[in-house]
file my_file27.cif (mmCIF, C-alpha atoms)
data_my_file
#
loop_
_atom_site.label_atom_id
_atom_site.label_comp_id
_atom_site.auth_asym_id
_atom_site.auth_seq_id
_atom_site.Cartn_x
_atom_site.Cartn_y
_atom_site.Cartn_z
CA MET A 112 119.20 191.28 223.16
CA THR A 113 117.09 194.42 223.00
CA LEU A 114 113.37 193.76 223.24
CA PRO A 115 111.08 195.61 220.80
CA LEU A 116 109.19 198.59 222.19
CA PRO A 117 105.73 197.55 223.34
CA SER A 118 102.57 199.01 221.87
CA PRO A 119 99.28 199.66 223.66
CA ILE A 120 96.84 196.77 223.36
CA HIS A 121 93.90 199.19 223.16
CA LEU A 122 93.37 202.87 222.38
CA LEU A 123 90.23 204.72 223.47
CA ARG A 124 89.29 207.83 221.51
CA SER A 125 86.01 208.79 223.19
CA HIS A 126 87.27 212.14 224.49
CA SER A 127 87.57 215.32 222.46
CA CYS A 128 90.12 217.11 224.66
CA ALA A 129 92.92 216.39 227.13
CA VAL A 130 92.32 213.43 229.46
CA SER A 131 93.09 214.64 232.99
CA ALA A 132 91.77 211.93 235.34
CA LEU A 133 91.61 208.13 235.35
CA PHE A 134 90.28 205.45 237.71
CA ILE A 135 89.68 201.69 237.44
CA SER A 136 87.02 200.06 239.61
CA THR A 137 88.27 197.62 242.24
CA ASP A 138 86.79 194.68 240.30
CA ASN A 139 88.53 195.90 237.09
CA GLU A 140 85.17 196.00 235.28
CA ARG A 141 84.92 199.75 234.65
CA LEU A 142 87.41 202.36 233.49
CA TYR A 143 86.62 205.97 234.40
CA SER A 144 88.14 208.85 232.43
CA GLY A 145 87.60 212.59 232.73
CA ASP A 146 88.78 215.39 230.44
CA GLY A 147 89.46 219.09 230.25
CA SER A 148 85.88 219.97 229.31
CA GLY A 149 84.33 218.29 232.36
CA GLN A 150 83.18 215.20 230.44
CA VAL A 151 83.33 211.85 232.26
CA ILE A 152 83.12 208.51 230.44
CA ILE A 153 82.79 205.05 231.97
CA THR A 154 84.11 202.32 229.67
CA SER A 155 83.58 198.57 230.03
CA THR A 156 86.91 196.78 230.30
CA ARG A 157 85.28 193.73 228.69
CA SER A 158 83.81 195.22 225.53
CA LEU A 159 85.84 198.49 225.61
CA ARG A 160 82.60 200.31 224.78
CA PRO A 161 81.40 203.39 226.66
CA LEU A 162 78.75 202.51 229.26
CA VAL A 163 78.04 206.00 230.57
CA SER A 164 79.01 209.45 229.32
CA TRP A 165 77.97 212.78 230.77
CA LYS A 166 79.01 216.38 231.30
CA ALA A 167 79.81 216.18 235.00
CA HIS A 168 81.44 219.63 235.30
CA THR A 169 81.97 222.88 233.44
CA ASP A 170 85.77 222.79 233.78
CA SER A 171 88.66 220.32 233.72
CA LEU A 172 88.41 217.16 235.82
CA LEU A 173 90.82 216.86 238.75
CA GLY A 174 89.66 213.46 239.95
CA VAL A 175 87.05 210.74 239.55
CA GLU A 176 86.50 207.71 241.75
CA GLU A 177 83.96 204.93 242.12
CA TRP A 178 82.63 204.69 245.66
CA GLY A 179 80.39 201.66 246.06
CA PHE A 180 77.30 202.35 243.98
CA GLN A 181 78.20 206.03 243.69
CA ILE A 182 80.72 208.09 241.73
CA ILE A 183 82.68 211.08 243.03
CA THR A 184 83.85 213.71 240.55
CA HIS A 185 85.95 216.78 241.33
CA ALA A 186 86.86 219.56 238.91
CA ARG A 187 88.29 223.02 238.40
CA ASP A 188 84.81 224.56 238.56
CA ASN A 189 85.10 224.49 242.39
CA LYS A 190 82.56 221.70 242.66
CA LEU A 191 82.67 218.14 243.96
CA HIS A 192 79.69 216.01 242.97
CA VAL A 193 78.51 212.62 244.21
CA TRP A 194 76.49 210.69 241.62
CA ALA A 195 74.41 207.52 241.68
CA ARG A 196 76.10 205.01 239.39
CA PRO A 197 73.55 203.95 236.74
CA GLU A 198 72.87 200.30 236.07
CA GLU A 199 74.57 198.95 233.00
CA SER A 200 72.15 198.10 230.23
CA ALA A 201 72.75 194.80 228.45
CA SER A 202 71.77 196.44 225.17
CA ILE A 203 74.52 199.02 225.58
CA ARG A 204 77.06 196.31 226.36
CA GLN A 205 76.12 194.25 223.33
CA GLU A 206 75.19 196.84 220.73
CA PRO A 207 77.08 199.87 219.42
CA ALA A 208 75.92 203.09 221.04
CA THR A 209 76.80 206.72 220.45
CA LEU A 210 77.81 208.80 223.45
CA SER A 211 74.57 210.77 223.23
CA ASP A 212 72.54 207.55 223.65
CA LEU A 213 74.21 206.56 226.90
CA PRO A 214 72.56 207.01 230.31
CA THR A 215 73.38 209.96 232.57
CA PRO A 216 73.99 209.46 236.31
CA THR A 217 71.72 211.15 238.82
CA ILE A 218 73.41 213.62 241.13
CA CYS A 219 73.02 212.82 244.84
CA TYR A 220 74.65 215.87 246.41
CA SER A 221 77.47 218.38 245.90
CA LEU A 222 80.12 220.26 247.82
CA ASP A 223 81.58 223.68 247.09
CA VAL A 224 85.36 223.31 247.14
CA ASN A 225 88.48 225.35 246.44
CA ALA A 226 90.01 224.13 243.19
CA LEU A 227 92.68 226.81 242.81
CA ASN A 228 95.33 224.22 243.68
CA TYR A 229 94.72 221.70 240.89
CA CYS A 230 94.68 219.31 243.87
CA ARG A 231 92.23 216.41 243.66
CA PHE A 232 90.29 215.08 246.64
CA SER A 233 91.38 212.13 248.78
CA LEU A 234 88.68 209.68 249.91
CA LEU A 235 89.02 207.31 252.87
CA SER A 236 86.31 204.72 253.52
CA PRO A 237 86.61 203.11 256.97
CA ALA A 238 86.59 199.31 256.75
CA GLY A 239 83.73 197.47 258.42
CA ALA A 240 81.29 200.39 258.40
CA SER A 241 77.65 199.30 258.55
CA LYS A 242 76.71 201.83 255.88
CA GLN A 243 78.55 203.78 253.24
CA GLU A 244 80.46 206.50 255.03
CA GLY A 245 83.68 208.23 254.16
CA LEU A 246 86.17 210.93 255.04
CA LEU A 247 86.98 213.39 252.27
CA ALA A 248 90.10 215.58 252.30
CA VAL A 249 90.24 218.69 250.09
CA PRO A 250 92.07 222.04 250.19
CA ASN A 251 90.62 224.57 252.62
CA LEU A 252 87.84 226.75 251.23
CA VAL A 253 89.71 229.99 251.97
CA GLU A 254 93.43 229.25 252.33
CA SER A 255 94.95 226.93 249.74
CA ALA A 256 97.93 226.01 251.96
CA LEU A 257 95.57 224.35 254.47
CA ALA A 258 93.33 221.28 254.29
CA ASP A 259 89.78 220.38 255.34
CA ILE A 260 88.29 216.96 256.07
CA TRP A 261 84.58 216.38 255.51
CA LEU A 262 82.24 213.57 256.52
CA LEU A 263 80.22 211.91 253.77
CA PRO A 264 77.33 211.64 253.15
CA SER A 265 76.44 214.14 255.91
CA ARG A 266 78.69 216.86 254.36
CA GLN A 267 79.78 217.95 257.84
CA ARG A 268 83.24 219.51 258.11
CA LEU A 269 85.02 217.40 260.73
CA HIS A 270 88.45 219.06 260.65
CA ALA A 271 89.03 222.59 259.36
CA ALA A 272 92.23 224.37 258.31
CA ILE A 273 94.75 221.61 258.96
CA GLY A 274 98.21 223.09 258.59
CA ASP A 275 100.35 225.80 260.10
CA PRO A 276 97.93 228.70 260.76
CA LEU A 277 100.73 231.14 261.62
CA ASP A 278 102.54 230.38 258.38
CA ALA A 279 99.36 230.52 256.28
CA ALA A 280 98.21 233.74 257.92
CA ALA A 281 101.06 235.55 256.19
CA THR A 282 99.24 235.47 252.86
CA PRO A 283 98.49 238.92 251.45
CA PHE A 284 96.07 237.50 248.90
CA SER A 285 92.30 237.33 249.16
CA ASP A 286 91.70 234.77 246.40
CA GLY A 287 93.13 231.76 248.23
CA ARG A 288 96.66 232.00 246.88
CA SER A 289 99.08 231.21 249.64
CA GLY A 290 101.79 233.52 250.88
CA SER A 291 103.14 230.79 253.16
CA LYS A 292 106.65 229.44 252.83
CA LYS A 293 105.38 226.04 251.70
CA GLY A 294 102.93 227.43 249.15
CA ILE A 295 99.61 225.88 248.23
CA ILE A 296 98.85 222.16 248.56
CA MET A 297 99.44 220.39 245.24
CA SER A 298 98.48 216.85 246.25
CA MET A 299 97.14 215.15 249.38
CA HIS A 300 96.34 211.69 250.69
CA LEU A 301 94.25 210.75 253.74
CA PHE A 302 94.92 207.36 255.32
CA TYR A 303 95.05 205.33 258.51
CA ALA A 304 98.56 204.49 259.70
CA ALA A 305 99.57 200.97 258.65
CA SER A 306 99.80 199.81 262.26
CA SER A 307 96.25 200.94 263.06
CA ALA A 308 94.41 200.25 259.81
CA PRO A 309 93.17 196.74 260.80
CA SER A 310 91.79 198.01 264.11
CA SER A 311 88.14 197.47 264.91
CA SER A 312 85.76 200.39 264.61
CA SER A 313 85.51 200.59 268.40
CA SER A 314 89.20 201.37 268.89
CA ALA A 315 90.98 204.59 268.06
CA ARG A 316 92.49 204.70 264.59
CA ASP A 317 95.60 206.68 263.78
CA LEU A 318 94.47 209.09 261.06
CA ARG A 319 97.19 210.69 258.94
CA LEU A 320 97.18 213.34 256.21
CA LEU A 321 100.08 213.60 253.77
CA CYS A 322 100.33 216.93 251.93
CA ALA A 323 102.67 217.82 249.06
CA HIS A 324 103.28 221.53 248.54
CA GLU A 325 104.16 224.10 245.93
CA ASP A 326 107.71 224.55 247.24
CA GLY A 327 108.55 220.87 246.67
CA GLY A 328 108.10 219.87 250.31
CA VAL A 329 105.95 217.13 251.83
CA VAL A 330 104.41 217.22 255.33
CA LEU A 331 102.90 214.31 257.29
CA TRP A 332 100.19 215.26 259.78
CA LYS A 333 98.79 213.08 262.57
CA ARG A 334 95.42 213.54 264.22
CA THR A 335 95.73 213.93 268.00
CA ALA A 336 92.11 214.89 268.66
CA PRO A 337 89.71 212.10 269.71
CA GLU A 338 88.03 210.32 266.82
CA ASN A 339 84.84 212.00 265.51
CA THR A 340 85.67 215.20 267.41
CA GLN A 341 85.29 218.37 265.35
CA THR A 342 88.34 220.65 265.20
CA ILE A 343 88.97 224.11 263.76
CA GLU A 344 92.02 226.23 262.91
CA GLY A 345 94.22 223.15 262.64
CA ARG A 346 93.81 222.18 266.28
CA GLY A 347 93.97 218.50 267.13
CA TRP A 348 96.68 217.82 264.52
CA GLU A 349 100.46 217.70 264.81
CA VAL A 350 103.34 217.40 262.36
CA LEU A 351 105.17 214.07 262.37
CA TRP A 352 107.77 215.19 259.86
CA LYS A 353 108.54 217.55 257.02
CA SER A 354 110.71 216.69 254.05
CA LYS A 355 111.78 218.67 251.02
CA LEU A 356 113.28 216.56 248.25
CA HIS A 357 112.25 218.53 245.14
CA VAL A 358 113.50 221.85 243.83
CA GLU A 359 110.25 222.46 241.93
CA SER A 360 106.56 222.16 242.83
CA VAL A 361 105.28 218.65 243.46
CA MET A 362 103.07 217.78 240.49
CA ALA A 363 101.75 214.39 241.62
CA MET A 364 101.92 212.00 244.56
CA ALA A 365 101.03 208.33 245.04
CA ILE A 366 100.86 206.20 248.18
CA SER A 367 101.42 202.45 248.30
CA PRO A 368 98.29 200.33 248.87
CA ASP A 369 99.55 199.29 252.32
CA CYS A 370 100.26 202.95 253.22
CA THR A 371 103.91 202.31 254.10
CA PHE A 372 105.56 204.66 251.60
CA ALA A 373 104.77 207.48 249.18
CA LEU A 374 106.29 208.71 245.91
CA THR A 375 106.29 212.21 244.41
CA VAL A 376 107.22 213.65 241.03
CA SER A 377 107.82 217.21 239.95
CA ALA A 378 108.87 219.44 237.10
CA ASP A 379 112.44 218.48 237.99
CA HIS A 380 114.09 215.15 237.20
CA LEU A 381 113.74 213.77 240.73
CA VAL A 382 111.43 211.18 242.28
CA GLY A 383 110.98 211.36 246.06
CA ARG A 384 110.33 208.31 248.22
CA TYR A 385 109.01 208.79 251.77
CA ASP A 386 108.76 206.26 254.59
CA LEU A 387 105.31 206.67 256.13
CA LEU A 388 106.24 204.48 259.10
CA THR A 389 108.77 207.06 260.34
CA GLN A 390 107.58 208.50 263.64
CA GLU A 391 110.13 211.27 264.25
CA ARG A 392 108.71 214.70 264.93
CA ALA A 393 110.35 217.64 263.27
CA SER A 394 109.47 221.31 263.07
CA GLU A 395 111.81 222.08 260.19
CA PHE A 396 112.39 220.28 256.91
CA THR A 397 114.41 217.13 257.55
CA ALA A 398 116.09 214.45 255.48
CA VAL A 399 113.14 212.06 255.76
CA GLY A 400 112.90 210.19 252.49
CA THR A 401 115.16 209.32 249.59
CA VAL A 402 115.78 211.12 246.32
CA PHE A 403 116.12 209.16 243.09
CA LYS A 404 117.57 210.97 240.11
CA THR A 405 116.16 210.16 236.68
CA LYS A 406 117.31 211.37 233.29
CA HIS A 407 113.91 212.81 232.46
CA PRO A 408 112.70 216.16 233.86
CA GLY A 409 109.07 217.20 233.66
CA ASN A 410 106.76 214.59 235.19
CA GLY A 411 103.07 215.13 235.87
CA ALA A 412 101.58 211.80 236.96
CA ILE A 413 102.54 208.78 239.06
CA ALA A 414 100.86 205.53 240.14
CA ILE A 415 101.92 202.53 242.23
CA ARG A 416 100.91 198.95 241.35
CA GLY A 417 98.80 197.00 243.84
CA ASP A 418 101.74 194.99 245.17
CA GLY A 419 103.75 198.15 245.78
CA ARG A 420 106.71 196.87 243.75
CA VAL A 421 106.35 198.82 240.50
CA CYS A 422 105.48 202.45 239.78
CA ALA A 423 104.60 204.27 236.58
CA VAL A 424 105.64 207.88 235.96
CA GLY A 425 103.86 209.90 233.29
CA GLY A 426 106.07 212.49 231.63
CA TRP A 427 105.36 215.78 229.91
CA ASP A 428 106.98 214.22 226.85
CA GLY A 429 104.08 211.73 226.65
CA LYS A 430 106.13 208.72 227.71
CA VAL A 431 105.30 206.45 230.65
CA ARG A 432 108.34 205.11 232.48
CA LEU A 433 108.28 202.11 234.79
CA TYR A 434 110.54 201.75 237.83
CA SER A 435 111.11 199.45 240.78
CA THR A 436 109.79 201.31 243.83
CA LYS A 437 112.64 200.00 246.00
CA THR A 438 115.76 200.55 243.89
CA PHE A 439 114.28 202.74 241.15
CA LYS A 440 115.86 200.54 238.57
CA PRO A 441 114.24 201.37 235.19
CA LEU A 442 111.92 198.57 234.08
CA GLY A 443 110.83 199.94 230.71
CA THR A 444 109.36 202.85 228.78
CA LEU A 445 105.94 202.96 227.14
CA VAL A 446 105.96 205.17 224.06
CA HIS A 447 102.82 206.18 222.19
CA HIS A 448 101.48 209.60 223.16
CA LYS A 449 102.98 212.62 221.43
CA GLN A 450 101.78 215.05 224.09
CA GLY A 451 102.03 215.13 227.87
CA CYS A 452 100.80 212.22 229.97
CA ARG A 453 98.47 213.67 232.60
CA ALA A 454 97.14 210.56 234.35
CA VAL A 455 98.21 206.96 234.92
CA THR A 456 96.61 204.12 236.87
CA PHE A 457 97.07 200.38 237.39
CA ALA A 458 94.35 197.75 237.36
CA SER A 459 93.73 195.85 240.60
CA LEU A 460 95.99 192.82 240.87
CA VAL A 461 93.20 190.56 242.13
CA ASP A 462 90.01 190.22 240.11
CA SER A 463 86.88 189.53 242.15
CA PRO A 464 85.43 186.05 241.58
CA SER A 465 82.44 185.90 239.26
CA GLY A 466 79.24 186.92 241.00
CA SER A 467 80.99 188.25 244.12
CA THR A 468 80.85 191.71 245.58
CA PRO A 469 84.19 193.48 245.21
CA PRO A 470 85.64 195.90 247.76
CA GLY A 471 83.87 199.24 247.68
CA GLY A 472 80.40 197.77 247.24
CA GLY A 473 80.35 197.45 243.43
CA THR A 474 79.06 194.38 241.68
CA ASN A 475 80.04 192.48 238.61
CA GLU A 476 76.96 193.48 236.68
CA ASP A 477 78.56 192.38 233.42
CA ASN A 478 78.14 188.71 234.41
CA SER A 479 74.71 188.72 232.79
CA SER A 480 76.03 189.94 229.47
CA GLY A 481 76.13 187.85 226.35
CA ASP A 482 78.83 185.48 225.19
CA GLU A 483 80.54 188.32 223.37
CA ASP A 484 81.58 189.93 226.65
CA GLU A 485 82.32 186.77 228.66
CA MET A 486 85.92 186.49 229.84
CA THR A 487 88.00 183.43 230.62
CA VAL A 488 90.04 183.10 233.78
CA ASP A 489 93.21 183.77 231.78
CA GLU A 490 91.70 186.90 230.25
CA LYS A 491 90.74 188.20 233.70
CA ARG A 492 94.22 187.44 234.96
CA ALA A 493 95.71 189.31 232.02
CA ARG A 494 93.45 192.29 232.80
CA THR A 495 95.02 192.60 236.27
CA ARG A 496 98.30 193.51 234.54
CA TRP A 497 96.83 196.50 232.71
CA LEU A 498 98.29 199.97 232.96
CA VAL A 499 96.17 202.85 231.67
CA ALA A 500 97.49 206.27 230.63
CA GLY A 501 95.64 209.46 229.66
CA SER A 502 97.19 212.22 227.61
CA THR A 503 96.77 215.78 226.42
CA ASP A 504 96.22 214.25 222.95
CA ALA A 505 92.72 213.20 224.20
CA LYS A 506 93.53 209.48 223.93
CA VAL A 507 93.52 206.78 226.60
CA SER A 508 96.06 204.00 226.09
CA ILE A 509 95.81 200.56 227.70
CA TRP A 510 99.00 198.53 228.11
CA ALA A 511 99.53 194.89 229.11
CA LEU A 512 102.56 194.61 231.38
CA ILE A 513 104.69 191.65 232.32
CA ASP A 514 104.95 190.51 235.94
CA PHE A 515 108.46 191.92 236.52
CA GLU A 516 109.00 189.14 239.06
CA LYS A 517 112.67 188.70 238.16
CA THR A 518 113.53 192.33 237.65
CA SER A 519 111.62 193.95 240.49
CA PRO A 520 112.89 193.44 244.07
#
call {"tool": "encode", "arguments": {"input": "my_file27.cif", "output": "structure tokens"}}
result
Amino acid sequence: MTLPLPSPIHLLRSHSCAVSALFISTDNERLYSGDGSGQVIITSTRSLRPLVSWKAHTDSLLGVEEWGFQIITHARDNKLHVWARPEESASIRQEPATLSDLPTPTICYSLDVNALNYCRFSLLSPAGASKQEGLLAVPNLVESALADIWLLPSRQRLHAAIGDPLDAAATPFSDGRSGSKKGIIMSMHLFYAASSAPSSSSSARDLRLLCAHEDGGVVLWKRTAPENTQTIEGRGWEVLWKSKLHVESVMAMAISPDCTFALTVSADHLVGRYDLLTQERASEFTAVGTVFKTKHPGNGAIAIRGDGRVCAVGGWDGKVRLYSTKTFKPLGTLVHHKQGCRAVTFASLVDSPSGSTPPGGGTNEDNSSGDEDEMTVDEKRARTRWLVAGSTDAKVSIWALIDFEKTSP
């Protein structure tokens, strides 16, 4: 029996142009969306009303992320801003408000970045830190085939020009375009190796940087320099492996929450899966990873669910396709948007208990809201199964998924 095609349970129409970035807070209370004009909107997942709306940038958003009581935004205007997250007014939660009436966050500090790549930042917050500190990976300020890592909030560049300096030096361009064989970095992710992530702050942690490039290749870098030691010109880093599974530029990359595998999509019809636990060192592109062939070329977004078992791929045809991350068995197709899907994200699988402090330092400020916004345990559990998609049609769609327990390995 063929099941009927699902429909989104909610549609948000607060944006006036293409939605290019999405993020859901770790307590599932706030949905962040950014668009092609630089506008960022925070929407309550309880009332589905905008809580905050402001012009964060002068160009298209590349990424937005909640970081404790702050918000990081990154855009094509070559700026990365850190904002203080405003308190949520009960009157806004309970009464209709126009976007112009909503509060505007206060900027804390900014970084000049190189946004030629269309590559969003990657933020890593060490667990157990006594205060809010983080490592921020972005493309190098001068050469777009290399990467920099900054310390926040001090804005000190800890590692500069990670990559192959001899390869990157071949560029004949002065505007940051890369003449290297790999091309510019299209996506990156900074993480601690799964075996070292639980380590105490006093022991050395195995820092890794995964970079996806313009030529369809992916490179995994490992830090060899002592922790908190500044490095330049790519020193203190070595390649663990290189893999090239795509024939076109990598358009998006996602890493599993436990940092054991990564997935990439491209303009081609392939999805690449990479084992991040592989330790082999290789100087040339190797067969690390597995290629899965789909019937649908042209994919621009990908996300992995919190349990690592299901992924969502956003296509240029506007459809969102669900797959098992192990076998890549198709699990379903979400059809609504008529234009390209540019961002997808899953809600956290575990809602924070009422009144608790969720990971990342946020709080459930909505607990003081009126009866209209109160949620039952079942409603909160249902919210953990949300998938959110943003499209060029300026709409944000919210979908309620099944558990896939029987169909997903």
call {"tool": "residues_around", "arguments": {"input": "my_file27.cif", "residues": "region 124-140 of chain A", "least_positions_apart": "3", "cutoff": "7 Å", "atoms": "only C-alpha atoms", "output": "count of residues only"}}
result
32
call {"tool": "residues_around", "arguments": {"input": "my_file27.cif", "residues": "Trp261 (chain A)", "least_positions_apart": "5", "cutoff": "7 Å", "atoms": "only C-alpha atoms", "output": "number ranges by chain"}}
result
A: 246-248, 266-270
call {"tool": "residues_near_point", "arguments": {"input": "my_file27.cif", "point": "(102.1, 218.2, 241.8)", "cutoff": "7 Å", "atoms": "only C-alpha atoms", "output": "PyMOL selection string"}}
result
chain A and resi 297-298+360-364+376-377+411
call {"tool": "resolve_selection", "arguments": {"input": "my_file27.cif", "expression": "the PyMOL selection byres ((chain A and resi 427) around 8)", "output": "VMD selection string"}}
result
chain A and resid 409 to 411 425 to 426 428 to 430 450 to 453
call {"tool": "closest_residue", "arguments": {"input": "my_file27.cif", "among": "A:Pro250, A:Pro337, A:Gly179, A:Gly383", "to": "Thr401 (chain A)", "atoms": "all atoms listed in the file"}}
result
A:Gly383
call {"tool": "resolve_selection", "arguments": {"input": "my_file27.cif", "expression": "the PyMOL selection byres ((chain A and resi 380) around 6)", "output": "PyMOL selection string"}}
result
chain A and resi 379+381+405+407-408
call {"tool": "build_atoms", "arguments": {"input": "my_file27.cif", "residues": "region 233-256 of chain A", "atoms": "N, CA and C atoms", "output": "PDB file, in the coordinates of the input"}}
result
ATOM      1  N   SER A 233      90.942 213.438 248.310  1.00  0.00           N
ATOM      2  CA  SER A 233      91.380 212.130 248.780  1.00  0.00           C
ATOM      3  C   SER A 233      90.253 211.537 249.610  1.00  0.00           C
ATOM      4  N   LEU A 234      89.816 210.334 249.249  1.00  0.00           N
ATOM      5  CA  LEU A 234      88.680 209.680 249.910  1.00  0.00           C
ATOM      6  C   LEU A 234      89.182 208.511 250.743  1.00  0.00           C
ATOM      7  N   LEU A 235      88.690 208.420 251.983  1.00  0.00           N
ATOM      8  CA  LEU A 235      89.020 207.310 252.870  1.00  0.00           C
ATOM      9  C   LEU A 235      87.726 206.702 253.380  1.00  0.00           C
ATOM     10  N   SER A 236      87.512 205.430 253.069  1.00  0.00           N
ATOM     11  CA  SER A 236      86.310 204.720 253.520  1.00  0.00           C
ATOM     12  C   SER A 236      86.704 203.762 254.632  1.00  0.00           C
ATOM     13  N   PRO A 237      86.261 204.008 255.873  1.00  0.00           N
ATOM     14  CA  PRO A 237      86.610 203.110 256.970  1.00  0.00           C
ATOM     15  C   PRO A 237      86.112 201.696 256.709  1.00  0.00           C
ATOM     16  N   ALA A 238      86.970 200.710 256.955  1.00  0.00           N
ATOM     17  CA  ALA A 238      86.590 199.310 256.750  1.00  0.00           C
ATOM     18  C   ALA A 238      85.606 198.885 257.842  1.00  0.00           C
ATOM     19  N   GLY A 239      84.670 198.033 257.460  1.00  0.00           N
ATOM     20  CA  GLY A 239      83.730 197.470 258.420  1.00  0.00           C
ATOM     21  C   GLY A 239      82.577 198.368 258.788  1.00  0.00           C
ATOM     22  N   ALA A 240      82.412 199.496 258.103  1.00  0.00           N
ATOM     23  CA  ALA A 240      81.290 200.390 258.400  1.00  0.00           C
ATOM     24  C   ALA A 240      79.977 199.734 257.999  1.00  0.00           C
ATOM     25  N   SER A 241      78.943 199.928 258.817  1.00  0.00           N
ATOM     26  CA  SER A 241      77.650 199.300 258.550  1.00  0.00           C
ATOM     27  C   SER A 241      76.948 199.924 257.354  1.00  0.00           C
ATOM     28  N   LYS A 242      77.264 201.165 257.040  1.00  0.00           N
ATOM     29  CA  LYS A 242      76.710 201.830 255.880  1.00  0.00           C
ATOM     30  C   LYS A 242      77.811 202.619 255.194  1.00  0.00           C
ATOM     31  N   GLN A 243      77.515 203.087 254.000  1.00  0.00           N
ATOM     32  CA  GLN A 243      78.550 203.780 253.240  1.00  0.00           C
ATOM     33  C   GLN A 243      78.836 205.140 253.835  1.00  0.00           C
ATOM     34  N   GLU A 244      80.004 205.246 254.462  1.00  0.00           N
ATOM     35  CA  GLU A 244      80.460 206.500 255.030  1.00  0.00           C
ATOM     36  C   GLU A 244      81.899 206.712 254.618  1.00  0.00           C
ATOM     37  N   GLY A 245      82.312 207.956 254.573  1.00  0.00           N
ATOM     38  CA  GLY A 245      83.680 208.230 254.160  1.00  0.00           C
ATOM     39  C   GLY A 245      84.182 209.543 254.705  1.00  0.00           C
ATOM     40  N   LEU A 246      85.505 209.676 254.709  1.00  0.00           N
ATOM     41  CA  LEU A 246      86.170 210.930 255.040  1.00  0.00           C
ATOM     42  C   LEU A 246      86.769 211.484 253.758  1.00  0.00           C
ATOM     43  N   LEU A 247      86.547 212.759 253.512  1.00  0.00           N
ATOM     44  CA  LEU A 247      86.980 213.390 252.270  1.00  0.00           C
ATOM     45  C   LEU A 247      87.908 214.546 252.596  1.00  0.00           C
ATOM     46  N   ALA A 248      89.138 214.498 252.095  1.00  0.00           N
ATOM     47  CA  ALA A 248      90.100 215.580 252.300  1.00  0.00           C
ATOM     48  C   ALA A 248      90.203 216.413 251.033  1.00  0.00           C
ATOM     49  N   VAL A 249      90.116 217.738 251.192  1.00  0.00           N
ATOM     50  CA  VAL A 249      90.240 218.690 250.090  1.00  0.00           C
ATOM     51  C   VAL A 249      90.961 219.930 250.612  1.00  0.00           C
ATOM     52  N   PRO A 250      91.492 220.778 249.726  1.00  0.00           N
ATOM     53  CA  PRO A 250      92.070 222.040 250.190  1.00  0.00           C
ATOM     54  C   PRO A 250      91.030 222.905 250.901  1.00  0.00           C
ATOM     55  N   ASN A 251      91.493 223.681 251.859  1.00  0.00           N
ATOM     56  CA  ASN A 251      90.620 224.570 252.620  1.00  0.00           C
ATOM     57  C   ASN A 251      89.896 225.542 251.701  1.00  0.00           C
ATOM     58  N   LEU A 252      88.671 225.888 252.068  1.00  0.00           N
ATOM     59  CA  LEU A 252      87.840 226.750 251.230  1.00  0.00           C
ATOM     60  C   LEU A 252      88.429 228.141 251.037  1.00  0.00           C
ATOM     61  N   VAL A 253      89.196 228.626 252.021  1.00  0.00           N
ATOM     62  CA  VAL A 253      89.710 229.990 251.970  1.00  0.00           C
ATOM     63  C   VAL A 253      91.204 230.031 251.699  1.00  0.00           C
ATOM     64  N   GLU A 254      91.968 229.224 252.412  1.00  0.00           N
ATOM     65  CA  GLU A 254      93.430 229.250 252.330  1.00  0.00           C
ATOM     66  C   GLU A 254      93.947 227.967 251.688  1.00  0.00           C
ATOM     67  N   SER A 255      94.569 228.102 250.532  1.00  0.00           N
ATOM     68  CA  SER A 255      94.950 226.930 249.740  1.00  0.00           C
ATOM     69  C   SER A 255      96.166 226.194 250.282  1.00  0.00           C
ATOM     70  N   ALA A 256      96.813 226.711 251.324  1.00  0.00           N
ATOM     71  CA  ALA A 256      97.930 226.010 251.960  1.00  0.00           C
ATOM     72  C   ALA A 256      97.445 225.096 253.080  1.00  0.00           C
TER      73      ALA A 256
END
